[in-house]
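Have a look at my_file.cif; it's mmCIF, C-alpha atoms and all ligand atoms:
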data_entry
loop_
_atom_site.group_PDB
_atom_site.id
_atom_site.type_symbol
_atom_site.label_atom_id
_atom_site.label_comp_id
_atom_site.auth_asym_id
_atom_site.auth_seq_id
_atom_site.Cartn_x
_atom_site.Cartn_y
_atom_site.Cartn_z
ATOM 1 C CA MET A 450 43.752 -79.216 -119.102
ATOM 2 C CA LYS A 451 43.377 -79.620 -115.319
ATOM 3 C CA ARG A 452 46.310 -78.863 -113.038
ATOM 4 C CA ALA A 453 47.087 -81.116 -110.080
ATOM 5 C CA ARG A 454 49.617 -80.780 -107.279
ATOM 6 C CA LEU A 455 50.960 -84.093 -105.988
ATOM 7 C CA ILE A 456 52.445 -83.823 -102.507
ATOM 8 C CA TYR A 457 54.286 -86.996 -101.537
ATOM 9 C CA ASN A 458 56.377 -88.187 -98.631
ATOM 10 C CA PRO A 459 59.357 -90.056 -100.069
ATOM 11 C CA THR A 460 59.907 -91.847 -96.741
ATOM 12 C CA SER A 461 56.320 -93.163 -96.246
ATOM 13 C CA GLY A 462 55.683 -96.840 -95.720
ATOM 14 C CA ARG A 463 58.056 -98.863 -97.852
ATOM 15 C CA GLU A 464 59.253 -95.806 -99.802
ATOM 16 C CA GLU A 465 57.288 -96.791 -102.928
ATOM 17 C CA MET A 466 56.499 -93.384 -104.374
ATOM 18 C CA ARG A 467 59.895 -92.742 -105.966
ATOM 19 C CA ARG A 468 59.483 -95.924 -108.012
ATOM 20 C CA LEU A 469 55.831 -95.267 -108.936
ATOM 21 C CA LEU A 470 56.151 -91.587 -109.748
ATOM 22 C CA PRO A 471 56.928 -91.730 -113.519
ATOM 23 C CA ASP A 472 54.034 -94.143 -114.156
ATOM 24 C CA VAL A 473 51.601 -92.140 -112.017
ATOM 25 C CA LEU A 474 52.485 -88.893 -113.794
ATOM 26 C CA ASP A 475 52.137 -90.558 -117.222
ATOM 27 C CA ARG A 476 48.720 -91.974 -116.419
ATOM 28 C CA LEU A 477 47.395 -88.638 -115.128
ATOM 29 C CA ASP A 478 48.940 -86.732 -118.054
ATOM 30 C CA LEU A 479 47.375 -89.043 -120.626
ATOM 31 C CA ALA A 480 43.988 -88.324 -119.029
ATOM 32 C CA GLY A 481 44.525 -84.569 -119.342
ATOM 33 C CA ILE A 482 45.707 -83.836 -115.806
ATOM 34 C CA GLU A 483 48.969 -81.921 -115.787
ATOM 35 C CA THR A 484 50.627 -82.788 -112.498
ATOM 36 C CA SER A 485 53.509 -81.116 -110.706
ATOM 37 C CA CYS A 486 55.114 -82.735 -107.671
ATOM 38 C CA HIS A 487 56.520 -81.820 -104.334
ATOM 39 C CA ALA A 488 58.517 -84.280 -102.224
ATOM 40 C CA THR A 489 58.139 -83.392 -98.548
ATOM 41 C CA THR A 490 61.292 -82.798 -96.561
ATOM 42 C CA GLY A 491 60.060 -83.141 -92.983
ATOM 43 C CA GLU A 492 57.375 -82.239 -90.475
ATOM 44 C CA GLY A 493 55.037 -79.397 -91.511
ATOM 45 C CA ASP A 494 56.177 -79.323 -95.129
ATOM 46 C CA ALA A 495 53.112 -81.077 -96.576
ATOM 47 C CA ALA A 496 50.768 -78.660 -94.745
ATOM 48 C CA ARG A 497 52.615 -75.585 -96.069
ATOM 49 C CA GLU A 498 52.676 -77.011 -99.559
ATOM 50 C CA ALA A 499 48.938 -77.848 -99.526
ATOM 51 C CA ALA A 500 48.016 -74.334 -98.366
ATOM 52 C CA GLU A 501 50.227 -72.916 -101.109
ATOM 53 C CA ALA A 502 48.612 -75.188 -103.726
ATOM 54 C CA CYS A 503 45.138 -73.886 -102.716
ATOM 55 C CA ALA A 504 46.374 -70.296 -102.936
ATOM 56 C CA ARG A 505 47.861 -70.962 -106.380
ATOM 57 C CA GLY A 506 44.518 -72.246 -107.655
ATOM 58 C CA TYR A 507 45.312 -75.884 -108.461
ATOM 59 C CA ASP A 508 42.237 -77.857 -109.568
ATOM 60 C CA ILE A 509 43.258 -80.995 -107.674
ATOM 61 C CA ILE A 510 45.511 -81.761 -104.721
ATOM 62 C CA ILE A 511 46.872 -85.261 -104.176
ATOM 63 C CA ALA A 512 48.383 -86.463 -100.903
ATOM 64 C CA ALA A 513 50.648 -89.496 -101.355
ATOM 65 C CA GLY A 514 51.967 -91.030 -98.164
ATOM 66 C CA GLY A 515 50.726 -92.328 -94.858
ATOM 67 C CA ASP A 516 48.123 -90.994 -92.435
ATOM 68 C CA GLY A 517 50.629 -88.384 -91.195
ATOM 69 C CA THR A 518 51.083 -86.866 -94.642
ATOM 70 C CA LEU A 519 47.328 -86.968 -95.249
ATOM 71 C CA ASN A 520 46.699 -85.195 -91.943
ATOM 72 C CA GLU A 521 49.182 -82.467 -92.848
ATOM 73 C CA VAL A 522 47.674 -81.918 -96.300
ATOM 74 C CA VAL A 523 44.169 -81.734 -94.799
ATOM 75 C CA ASN A 524 45.427 -79.187 -92.259
ATOM 76 C CA GLY A 525 47.003 -77.080 -94.989
ATOM 77 C CA MET A 526 43.767 -77.147 -97.003
ATOM 78 C CA ALA A 527 41.187 -76.853 -94.211
ATOM 79 C CA GLY A 528 43.077 -73.882 -92.761
ATOM 80 C CA GLN A 529 42.226 -71.886 -95.908
ATOM 81 C CA ALA A 530 38.982 -70.837 -94.226
ATOM 82 C CA GLY A 531 38.487 -67.718 -96.352
ATOM 83 C CA LYS A 532 38.517 -69.724 -99.558
ATOM 84 C CA GLU A 533 35.013 -70.464 -100.788
ATOM 85 C CA PHE A 534 36.009 -73.398 -102.918
ATOM 86 C CA LEU A 535 38.673 -75.930 -101.949
ATOM 87 C CA PRO A 536 39.998 -78.231 -104.663
ATOM 88 C CA PRO A 537 39.110 -81.920 -104.240
ATOM 89 C CA LEU A 538 41.717 -84.115 -102.564
ATOM 90 C CA GLY A 539 43.133 -87.335 -103.990
ATOM 91 C CA ILE A 540 44.561 -89.879 -101.546
ATOM 92 C CA PHE A 541 47.341 -92.247 -102.613
ATOM 93 C CA PRO A 542 47.771 -94.613 -99.656
ATOM 94 C CA LEU A 543 51.463 -95.409 -99.293
ATOM 95 C CA GLY A 544 51.876 -95.467 -95.514
ATOM 96 C CA THR A 545 52.100 -98.285 -93.031
ATOM 97 C CA THR A 546 48.482 -98.451 -91.864
ATOM 98 C CA ASN A 547 46.498 -96.065 -94.136
ATOM 99 C CA ASP A 548 43.503 -96.116 -91.815
ATOM 100 C CA PHE A 549 41.588 -93.422 -93.602
ATOM 101 C CA ALA A 550 42.138 -94.813 -97.107
ATOM 102 C CA ARG A 551 40.914 -98.192 -95.847
ATOM 103 C CA ALA A 552 37.788 -96.632 -94.339
ATOM 104 C CA MET A 553 37.082 -94.874 -97.643
ATOM 105 C CA LYS A 554 37.739 -98.106 -99.578
ATOM 106 C CA ILE A 555 40.413 -96.423 -101.674
ATOM 107 C CA PRO A 556 42.010 -99.135 -103.780
ATOM 108 C CA LYS A 557 45.539 -100.332 -103.022
ATOM 109 C CA ARG A 558 46.724 -100.537 -106.655
ATOM 110 C CA TRP A 559 48.190 -97.317 -108.034
ATOM 111 C CA GLU A 560 46.374 -97.611 -111.378
ATOM 112 C CA GLU A 561 43.044 -97.716 -109.570
ATOM 113 C CA TYR A 562 43.603 -94.747 -107.291
ATOM 114 C CA CYS A 563 44.804 -92.711 -110.280
ATOM 115 C CA ASP A 564 41.571 -93.652 -112.047
ATOM 116 C CA LEU A 565 39.455 -92.318 -109.163
ATOM 117 C CA VAL A 566 41.025 -88.911 -109.818
ATOM 118 C CA ILE A 567 40.760 -89.263 -113.595
ATOM 119 C CA GLU A 568 37.079 -90.252 -113.411
ATOM 120 C CA ASN A 569 36.456 -87.305 -111.067
ATOM 121 C CA LYS A 570 34.498 -89.373 -108.531
ATOM 122 C CA THR A 571 34.271 -87.126 -105.472
ATOM 123 C CA ARG A 572 32.322 -87.179 -102.223
ATOM 124 C CA PRO A 573 32.069 -84.652 -99.379
ATOM 125 C CA ILE A 574 33.567 -85.531 -96.003
ATOM 126 C CA ASP A 575 33.496 -84.054 -92.496
ATOM 127 C CA ILE A 576 36.697 -82.863 -90.852
ATOM 128 C CA GLY A 577 37.386 -82.852 -87.102
ATOM 129 C CA LYS A 578 38.962 -79.866 -85.405
ATOM 130 C CA VAL A 579 40.583 -79.400 -81.994
ATOM 131 C CA ASN A 580 42.414 -76.328 -80.710
ATOM 132 C CA GLY A 581 43.002 -74.986 -84.233
ATOM 133 C CA ARG A 582 44.277 -78.299 -85.671
ATOM 134 C CA HIS A 583 42.337 -80.623 -87.953
ATOM 135 C CA PHE A 584 41.982 -84.389 -88.141
ATOM 136 C CA ILE A 585 40.444 -86.467 -90.875
ATOM 137 C CA ASN A 586 40.189 -89.854 -89.196
ATOM 138 C CA ILE A 587 40.785 -90.013 -85.469
ATOM 139 C CA ALA A 588 41.724 -88.001 -82.424
ATOM 140 C CA GLY A 589 42.586 -89.528 -79.090
ATOM 141 C CA GLY A 590 44.282 -89.192 -75.757
ATOM 142 C CA GLY A 591 45.516 -91.474 -72.973
ATOM 143 C CA SER A 592 48.732 -93.423 -72.644
ATOM 144 C CA LEU A 593 48.039 -96.124 -75.248
ATOM 145 C CA THR A 594 47.320 -93.547 -77.965
ATOM 146 C CA GLU A 595 50.876 -92.258 -77.548
ATOM 147 C CA LEU A 596 52.336 -95.338 -79.178
ATOM 148 C CA THR A 597 51.938 -94.087 -82.750
ATOM 149 C CA TYR A 598 54.644 -91.466 -82.348
ATOM 150 C CA GLU A 599 56.920 -93.765 -80.403
ATOM 151 C CA VAL A 600 57.334 -96.172 -83.311
ATOM 152 C CA PRO A 601 60.473 -95.104 -85.200
ATOM 153 C CA SER A 602 59.958 -94.427 -88.914
ATOM 154 C CA LYS A 603 62.828 -96.746 -89.942
ATOM 155 C CA LEU A 604 61.218 -99.608 -88.015
ATOM 156 C CA LYS A 605 57.918 -98.960 -89.814
ATOM 157 C CA THR A 606 59.722 -99.016 -93.175
ATOM 158 C CA LEU A 607 61.275 -102.355 -92.306
ATOM 159 C CA ILE A 608 58.458 -104.284 -90.706
ATOM 160 C CA GLY A 609 55.322 -102.285 -91.428
ATOM 161 C CA GLN A 610 52.308 -102.610 -89.163
ATOM 162 C CA LEU A 611 53.992 -105.199 -86.971
ATOM 163 C CA ALA A 612 56.030 -102.327 -85.516
ATOM 164 C CA TYR A 613 52.839 -100.915 -83.961
ATOM 165 C CA TYR A 614 51.882 -104.228 -82.397
ATOM 166 C CA MET A 615 55.353 -104.669 -80.917
ATOM 167 C CA LYS A 616 55.242 -101.202 -79.395
ATOM 168 C CA GLY A 617 51.638 -101.750 -78.269
ATOM 169 C CA ILE A 618 52.546 -104.840 -76.264
ATOM 170 C CA GLU A 619 55.472 -103.012 -74.667
ATOM 171 C CA LYS A 620 53.186 -100.071 -73.875
ATOM 172 C CA MET A 621 50.322 -102.103 -72.373
ATOM 173 C CA ALA A 622 52.514 -103.275 -69.519
ATOM 174 C CA SER A 623 52.828 -99.662 -68.323
ATOM 175 C CA LEU A 624 49.231 -98.658 -69.005
ATOM 176 C CA SER A 625 47.793 -96.191 -66.494
ATOM 177 C CA PRO A 626 44.446 -94.375 -66.268
ATOM 178 C CA THR A 627 44.011 -90.596 -66.616
ATOM 179 C CA GLN A 628 41.527 -88.351 -64.797
ATOM 180 C CA LEU A 629 39.240 -86.716 -67.396
ATOM 181 C CA ILE A 630 36.232 -84.415 -67.478
ATOM 182 C CA ILE A 631 34.251 -84.950 -70.679
ATOM 183 C CA ASN A 632 31.625 -82.343 -71.481
ATOM 184 C CA ALA A 633 29.880 -83.234 -74.753
ATOM 185 C CA GLU A 634 26.997 -81.394 -76.393
ATOM 186 C CA GLY A 635 23.751 -83.307 -75.840
ATOM 187 C CA HIS A 636 25.161 -85.475 -73.010
ATOM 188 C CA GLU A 637 25.695 -85.243 -69.253
ATOM 189 C CA VAL A 638 29.145 -84.263 -68.033
ATOM 190 C CA MET A 639 31.315 -87.325 -67.303
ATOM 191 C CA GLU A 640 34.119 -87.243 -64.812
ATOM 192 C CA GLY A 641 36.419 -90.074 -63.788
ATOM 193 C CA GLU A 642 39.475 -92.154 -64.580
ATOM 194 C CA PHE A 643 39.791 -93.340 -68.165
ATOM 195 C CA MET A 644 42.319 -95.574 -69.923
ATOM 196 C CA LEU A 645 41.896 -93.646 -73.159
ATOM 197 C CA PHE A 646 39.392 -91.775 -75.284
ATOM 198 C CA LEU A 647 39.039 -91.872 -79.067
ATOM 199 C CA ILE A 648 37.069 -89.562 -81.327
ATOM 200 C CA ALA A 649 36.418 -91.189 -84.676
ATOM 201 C CA ASN A 650 35.361 -89.519 -87.896
ATOM 202 C CA SER A 651 35.525 -92.719 -89.969
ATOM 203 C CA ASN A 652 34.980 -96.341 -88.945
ATOM 204 C CA SER A 653 38.534 -97.676 -89.490
ATOM 205 C CA VAL A 654 40.824 -96.799 -86.650
ATOM 206 C CA GLY A 655 44.294 -98.157 -85.910
ATOM 207 C CA GLY A 656 43.656 -101.160 -88.099
ATOM 208 C CA PHE A 657 40.482 -101.992 -86.075
ATOM 209 C CA GLU A 658 37.707 -101.929 -88.609
ATOM 210 C CA LYS A 659 34.908 -102.521 -86.123
ATOM 211 C CA LEU A 660 35.993 -100.033 -83.464
ATOM 212 C CA ALA A 661 33.424 -97.375 -84.372
ATOM 213 C CA PRO A 662 31.049 -99.111 -86.786
ATOM 214 C CA GLY A 663 28.485 -96.321 -86.496
ATOM 215 C CA ALA A 664 30.923 -93.603 -87.568
ATOM 216 C CA GLU A 665 30.075 -92.124 -90.932
ATOM 217 C CA ILE A 666 32.333 -89.744 -92.733
ATOM 218 C CA ASP A 667 29.652 -87.293 -93.841
ATOM 219 C CA ASP A 668 27.059 -87.384 -91.023
ATOM 220 C CA GLY A 669 28.269 -84.223 -89.268
ATOM 221 C CA MET A 670 28.939 -86.157 -86.034
ATOM 222 C CA LEU A 671 31.951 -87.313 -84.034
ATOM 223 C CA ASP A 672 31.821 -90.847 -82.590
ATOM 224 C CA VAL A 673 33.333 -90.940 -79.120
ATOM 225 C CA ILE A 674 34.634 -94.101 -77.450
ATOM 226 C CA ALA A 675 36.080 -93.837 -73.955
ATOM 227 C CA VAL A 676 37.332 -96.703 -71.797
ATOM 228 C CA ARG A 677 36.898 -96.349 -68.044
ATOM 229 C CA LYS A 678 39.630 -97.451 -65.649
ATOM 230 C CA CYS A 679 40.268 -101.199 -65.709
ATOM 231 C CA ASN A 680 43.122 -103.601 -65.009
ATOM 232 C CA LEU A 681 45.518 -104.997 -67.614
ATOM 233 C CA ALA A 682 43.685 -108.324 -67.986
ATOM 234 C CA GLU A 683 40.358 -106.528 -68.491
ATOM 235 C CA PHE A 684 41.961 -104.178 -70.990
ATOM 236 C CA ILE A 685 43.482 -106.984 -73.051
ATOM 237 C CA ARG A 686 40.115 -108.737 -73.083
ATOM 238 C CA LEU A 687 38.543 -105.501 -74.296
ATOM 239 C CA VAL A 688 41.068 -105.180 -77.127
ATOM 240 C CA THR A 689 40.275 -108.702 -78.345
ATOM 241 C CA MET A 690 36.545 -107.898 -78.133
ATOM 242 C CA ALA A 691 37.165 -104.708 -80.139
ATOM 243 C CA LEU A 692 38.717 -106.758 -82.956
ATOM 244 C CA ARG A 693 35.315 -108.425 -83.371
ATOM 245 C CA GLY A 694 33.312 -105.287 -82.685
ATOM 246 C CA ASP A 695 31.879 -106.718 -79.412
ATOM 247 C CA HIS A 696 33.378 -104.073 -77.105
ATOM 248 C CA PHE A 697 30.150 -102.049 -76.758
ATOM 249 C CA ASN A 698 28.765 -104.713 -74.419
ATOM 250 C CA ASP A 699 31.616 -104.169 -71.954
ATOM 251 C CA PRO A 700 30.668 -102.001 -68.920
ATOM 252 C CA HIS A 701 33.999 -100.108 -69.148
ATOM 253 C CA VAL A 702 33.146 -98.715 -72.583
ATOM 254 C CA VAL A 703 31.317 -95.417 -73.067
ATOM 255 C CA TYR A 704 30.107 -94.722 -76.604
ATOM 256 C CA PHE A 705 28.151 -91.769 -77.962
ATOM 257 C CA LYS A 706 27.906 -89.310 -80.850
ATOM 258 C CA THR A 707 28.244 -85.561 -80.559
ATOM 259 C CA ARG A 708 28.982 -82.430 -82.585
ATOM 260 C CA ARG A 709 31.165 -80.738 -80.000
ATOM 261 C CA MET A 710 32.974 -81.906 -76.893
ATOM 262 C CA GLU A 711 35.300 -80.350 -74.367
ATOM 263 C CA VAL A 712 37.808 -82.580 -72.576
ATOM 264 C CA THR A 713 39.922 -81.401 -69.660
ATOM 265 C CA SER A 714 42.265 -83.119 -67.249
ATOM 266 C CA PRO A 715 44.179 -82.074 -64.147
ATOM 267 C CA GLY A 716 47.192 -83.984 -65.563
ATOM 268 C CA ASN A 717 49.205 -83.613 -68.766
ATOM 269 C CA VAL A 718 47.460 -85.521 -71.551
ATOM 270 C CA LEU A 719 48.970 -85.521 -75.037
ATOM 271 C CA LEU A 720 46.618 -85.646 -78.015
ATOM 272 C CA ASN A 721 47.018 -87.938 -80.966
ATOM 273 C CA LEU A 722 45.569 -86.627 -84.246
ATOM 274 C CA ASP A 723 45.545 -89.145 -87.120
ATOM 275 C CA GLY A 724 48.489 -90.956 -85.562
ATOM 276 C CA GLU A 725 50.676 -87.902 -84.956
ATOM 277 C CA LEU A 726 51.252 -85.786 -81.883
ATOM 278 C CA GLY A 727 48.629 -83.007 -81.851
ATOM 279 C CA GLY A 728 49.137 -80.818 -78.776
ATOM 280 C CA GLU A 729 47.601 -81.580 -75.388
ATOM 281 C CA LEU A 730 44.468 -81.201 -73.253
ATOM 282 C CA PRO A 731 42.390 -79.155 -72.577
ATOM 283 C CA GLY A 732 40.751 -79.512 -75.962
ATOM 284 C CA VAL A 733 37.495 -78.525 -77.641
ATOM 285 C CA PHE A 734 36.689 -81.065 -80.353
ATOM 286 C CA GLU A 735 34.221 -80.119 -83.064
ATOM 287 C CA ILE A 736 33.096 -81.322 -86.444
ATOM 288 C CA LEU A 737 33.242 -79.271 -89.656
ATOM 289 C CA PRO A 738 30.425 -80.894 -91.656
ATOM 290 C CA GLN A 739 31.264 -81.791 -95.270
ATOM 291 C CA HIS A 740 34.192 -79.387 -95.278
ATOM 292 C CA LEU A 741 36.227 -81.146 -97.967
ATOM 293 C CA ARG A 742 35.672 -83.270 -101.067
ATOM 294 C CA ILE A 743 37.814 -86.327 -101.695
ATOM 295 C CA PHE A 744 38.136 -88.703 -104.637
ATOM 296 C CA ALA A 745 36.637 -91.960 -103.373
HETATM 297 N N1 LIG B 801 61.524 -86.349 -96.308
HETATM 298 C C1 LIG B 801 61.114 -86.685 -95.087
HETATM 299 N N2 LIG B 801 61.959 -87.288 -94.210
HETATM 300 C C2 LIG B 801 61.563 -87.661 -92.984
HETATM 301 N N3 LIG B 801 60.316 -87.455 -92.500
HETATM 302 C C3 LIG B 801 59.417 -86.858 -93.306
HETATM 303 C C4 LIG B 801 59.775 -86.446 -94.641
HETATM 304 N N4 LIG B 801 58.677 -85.899 -95.203
HETATM 305 C C5 LIG B 801 57.688 -85.949 -94.280
HETATM 306 N N5 LIG B 801 58.128 -86.522 -93.129
HETATM 307 C C6 LIG B 801 57.365 -86.771 -91.886
HETATM 308 O O1 LIG B 801 56.945 -88.136 -91.830
HETATM 309 C C7 LIG B 801 55.703 -88.187 -91.103
HETATM 310 C C8 LIG B 801 54.988 -89.535 -91.277
HETATM 311 O O2 LIG B 801 54.795 -89.811 -92.589
HETATM 312 P P1 LIG B 801 53.603 -90.670 -93.201
HETATM 313 O O3 LIG B 801 52.452 -90.719 -92.310
HETATM 314 O O4 LIG B 801 53.391 -90.210 -94.586
HETATM 315 O O5 LIG B 801 54.272 -92.111 -93.365
HETATM 316 P P2 LIG B 801 54.350 -93.397 -92.462
HETATM 317 O O6 LIG B 801 54.762 -92.969 -91.109
HETATM 318 O O7 LIG B 801 55.180 -94.396 -93.164
HETATM 319 O O8 LIG B 801 52.897 -93.944 -92.522
HETATM 320 P P3 LIG B 801 51.783 -94.186 -91.401
HETATM 321 O O9 LIG B 801 51.475 -92.834 -90.822
HETATM 322 O O10 LIG B 801 50.637 -94.774 -92.153
HETATM 323 O O11 LIG B 801 52.403 -95.120 -90.451
HETATM 324 C C9 LIG B 801 54.983 -86.953 -91.605
HETATM 325 O O12 LIG B 801 53.998 -86.499 -90.720
HETATM 326 C C10 LIG B 801 56.108 -85.928 -91.758
HETATM 327 O O13 LIG B 801 56.221 -85.131 -90.592
#
Can you give me the file's structure in the form of structure tokens?
Ligand SMILES: Nc1ncnc2c1ncn2[C@@H]1O[C@H](COP(=O)(O)OP(=O)(O)OP(=O)(O)O)[C@@H](O)[C@H]1O
Amino acid sequence: MKRARLIYNPTSGREEMRRLLPDVLDRLDLAGIETSCHATTGEGDAAREAAEACARGYDIIIAAGGDGTLNEVVNGMAGQAGKEFLPPLGIFPLGTTNDFARAMKIPKRWEEYCDLVIENKTRPIDIGKVNGRHFINIAGGGSLTELTYEVPSKLKTLIGQLAYYMKGIEKMASLSPTQLIINAEGHEVMEGEFMLFLIANSNSVGGFEKLAPGAEIDDGMLDVIAVRKCNLAEFIRLVTMALRGDHFNDPHVVYFKTRRMEVTSPGNVLLNLDGELGGELPGVFEILPQHLRIFA
């Protein structure tokens, strides 16, 4: 019998997990996967629990929650650098946006994501790393990227993704550029004022599925998109172009792939890692090729 550790955030998204839990456990158990659970209690708990689950030799780890919970579980696992063999990771998307699950085409119905684990369908994925922290989907900096941690959790529970759009509109009005020096491996050093920069590991970012269409999860590369200083009207136009995937034709957009990149700024720039606050610049971003296996 295989042993799985299910780490779930009871407050994620519309707080579905409590209701689903008995059925999920039954389905896994019937398929020969004995599953024990841990409900997270707050920030950092999922990461500690995932590291502990690796140390205790579980065969499977499952992260149930939103992108924040997934990021914590990945951090707990990826930090086990000495361990030769990490257990594969199951992703049960129960958050508000579930960017990463969408990029990996993980089904939305609970029966189907249980079956991915049961059928043992795994694939290797790259993990991003900056200043000792890991990200699975996206890293970014600049004032607009700060909106994900300004949306209160209760609001997200109530109105879902709309909460981000409301905050985004409020935030755009006060958008300001940031001085950055971007030094990426294989590219010339760039210096100037930028509205924001994003480093994508997958191609679904912030609900924009065409933002980084060239990003592949197992290619050992980071896809970098940076937007040079522009005015509000130009920025809004750019956002609507990005919805269609036409933003690469805009002269404000810089797009390239790299394995390693250093970003510095004379100002204070907070970093956003998978939608959560992840320290600040300066930062050295790198890719850990095929560091983890996920059920997908
Ligand atoms: N019991 C808890 N009560 C309050 N907050 C928690 C609890 N457990 C975990 N958290 C925190 O909630 C954060 C966000 O959770 P998560 O990403 O799973 O859900 P979400 O915010 O609804 O989804 P999304 O990130 O997709 O918007 C986690 O990073 C964690 O710090």
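With all atoms listed in the file as the atoms that count, the residue of A:Gly491, A:Gly481, A:Gly669, A:Gly641 with the shortest distance to ligand LIG 801 (chain B) is A:Gly491.
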Return as a list in words every polymer residue, whether protein, DNA or RNA, with at least one atom no more than 7 Å from an atom of ligand LIG 801 (chain B); count only C-alpha atoms and all ligand atoms.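 Answer in the requested format: Asn458, Pro459, Thr460, Ser461, Gly462, Ala488, Thr489, Thr490, Gly491, Glu492, Gly493, Asp494, Gly514, Gly515, Asp516, Gly517, Thr518, Leu519, Glu521, Gly544, Thr545, Thr546, Asn547, Ser602, Lys605, Thr606, Gly724 and Glu725 of chain A.
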I need the residue set behind the PyMOL selection byres (((chain A and resi 716) around 8) and not hetatm) for this file; please write it as a PyMOL selection string. chain A and resi 627-628+714-715+717-718
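Compared by their closest atoms to A:Met553, and using only C-alpha atoms, the residues A:Asn524, A:Thr571, A:Ser651, A:Asn580 rank with A:Ser651 nearest.
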Computed gap from atom CA of A:Leu722 to atom CA of A:Leu565 is 26.3 Å
Residue among A:Pro537, A:Glu560, A:Ala691, A:Arg497 lying closest to A:Arg452, counting all atoms listed in the file: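 Looking only at the distances to A:Arg452, the closest residue turns out to be A:Pro537.
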List as a ChimeraX atom specification the protein and nucleic acid residues near stretch 729-740 of chain A, meaning an atom at most 7 Å away when only C-alpha atoms are counted, but skip any in the same chain fewer than 3 places from it. /A:573-580,667,669-671,708-714,717-720
Which residues are near A:His487? Cut-off 10 Å, all atoms listed in the file, ignore same chain within fewer than 5 positions. Put them as a PyMOL selection string. chain A and resi 454-459+494-495+498-499+512
Which one of A:Met450, A:Ile509, A:Leu726, A:Val703 sits closest to A:Phe534 if you count all atoms listed in the file?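 Among the listed residues, A:Ile509 lies closest to A:Phe534.
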Measuring atom to atom with only C-alpha atoms, identify which of A:Phe541, A:Asp668, A:Ala661, A:Ile511 is nearest to A:Phe697.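 Smallest distance to A:Phe697 is found for A:Ala661.
Atom CA of A:Ser592 is positioned 6.4 Å from atom CA of A:Leu624.
All residues of protein, DNA or RNA that reach within 10 Å of A:Cys679, judged by only C-alpha atoms and not counting those fewer than 2 positions away in the chain, are Leu624, Ser625, Pro626, Glu642, Phe643, Met644, Val676, Arg677, Leu681, Ala682, Glu683, Phe684, Ile685, Leu687 and His701 of chain A.
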Can you list, as JSON, numbers by chain, every protein, DNA or RNA residue that comes within 9 Å of A:Leu647 when you count all atoms listed in the file, leaving out same-chain residues fewer than 3 positions away? {"A": [587, 588, 589, 590, 591, 594, 672, 673, 674, 675, 676]}
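Distances to A:Val522 were evaluated for A:Ala480, A:Leu741, A:Leu474, A:Ala552 using all atoms listed in the file, and the minimum falls at A:Leu741.
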On this structure, the PyMOL selection byres (((chain A and resi 503) around 8) and not hetatm) would catch which residues? List them as a list in words, sorted by chain and number. Ala499, Ala500, Glu501, Ala502, Ala504, Arg505, Gly506, Tyr507, Met526, Gln529, Leu535 and Pro536 of chain A
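Distance-wise, atom CA of A:Pro662 and atom CA of A:Asp723 end up 17.6 Å apart.
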Starting from 4 Å padding per side, set up an axis-aligned box that covers all listed atoms of stretch 731-735 of chain A and hand over centre and edge lengths in Å, one decimal, as lines of an AutoDock Vina configuration file.
center_x = 38.3
center_y = -79.8
center_z = -77.8
size_x = 16.2
size_y = 10.5
size_z = 18.5
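Around A:Lys554, within 12 Å and counting all atoms listed in the file, the residues found are Ile540, Phe541, Pro542, Asn547, Asp548, Phe549, Ala550, Arg558, Glu561, Tyr562, Leu565, Ser651, Asn652, Ser653, Glu658, Ile743, Phe744 and Ala745 of chain A, once anything fewer than 4 positions away on its own chain is removed.
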For the PyMOL selection byres (((chain A and resi 635) around 9) and not hetatm), applied here, can you spell out every residue it catches as a PyMOL selection string? chain A and resi 633-634+636-637+706-709
Atoms to include: C-alpha atoms. Write the selected residues as a PDB file, keeping the file's coordinate frame.
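Saved file again_17.pdb follows:
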ATOM      1  CA  ALA A 633      29.880 -83.234 -74.753  1.00  0.00           C
ATOM      2  CA  GLU A 634      26.997 -81.394 -76.393  1.00  0.00           C
ATOM      3  CA  HIS A 636      25.161 -85.475 -73.010  1.00  0.00           C
ATOM      4  CA  GLU A 637      25.695 -85.243 -69.253  1.00  0.00           C
ATOM      5  CA  LYS A 706      27.906 -89.310 -80.850  1.00  0.00           C
ATOM      6  CA  THR A 707      28.244 -85.561 -80.559  1.00  0.00           C
ATOM      7  CA  ARG A 708      28.982 -82.430 -82.585  1.00  0.00           C
ATOM      8  CA  ARG A 709      31.165 -80.738 -80.000  1.00  0.00           C
TER       9      ARG A 709
END
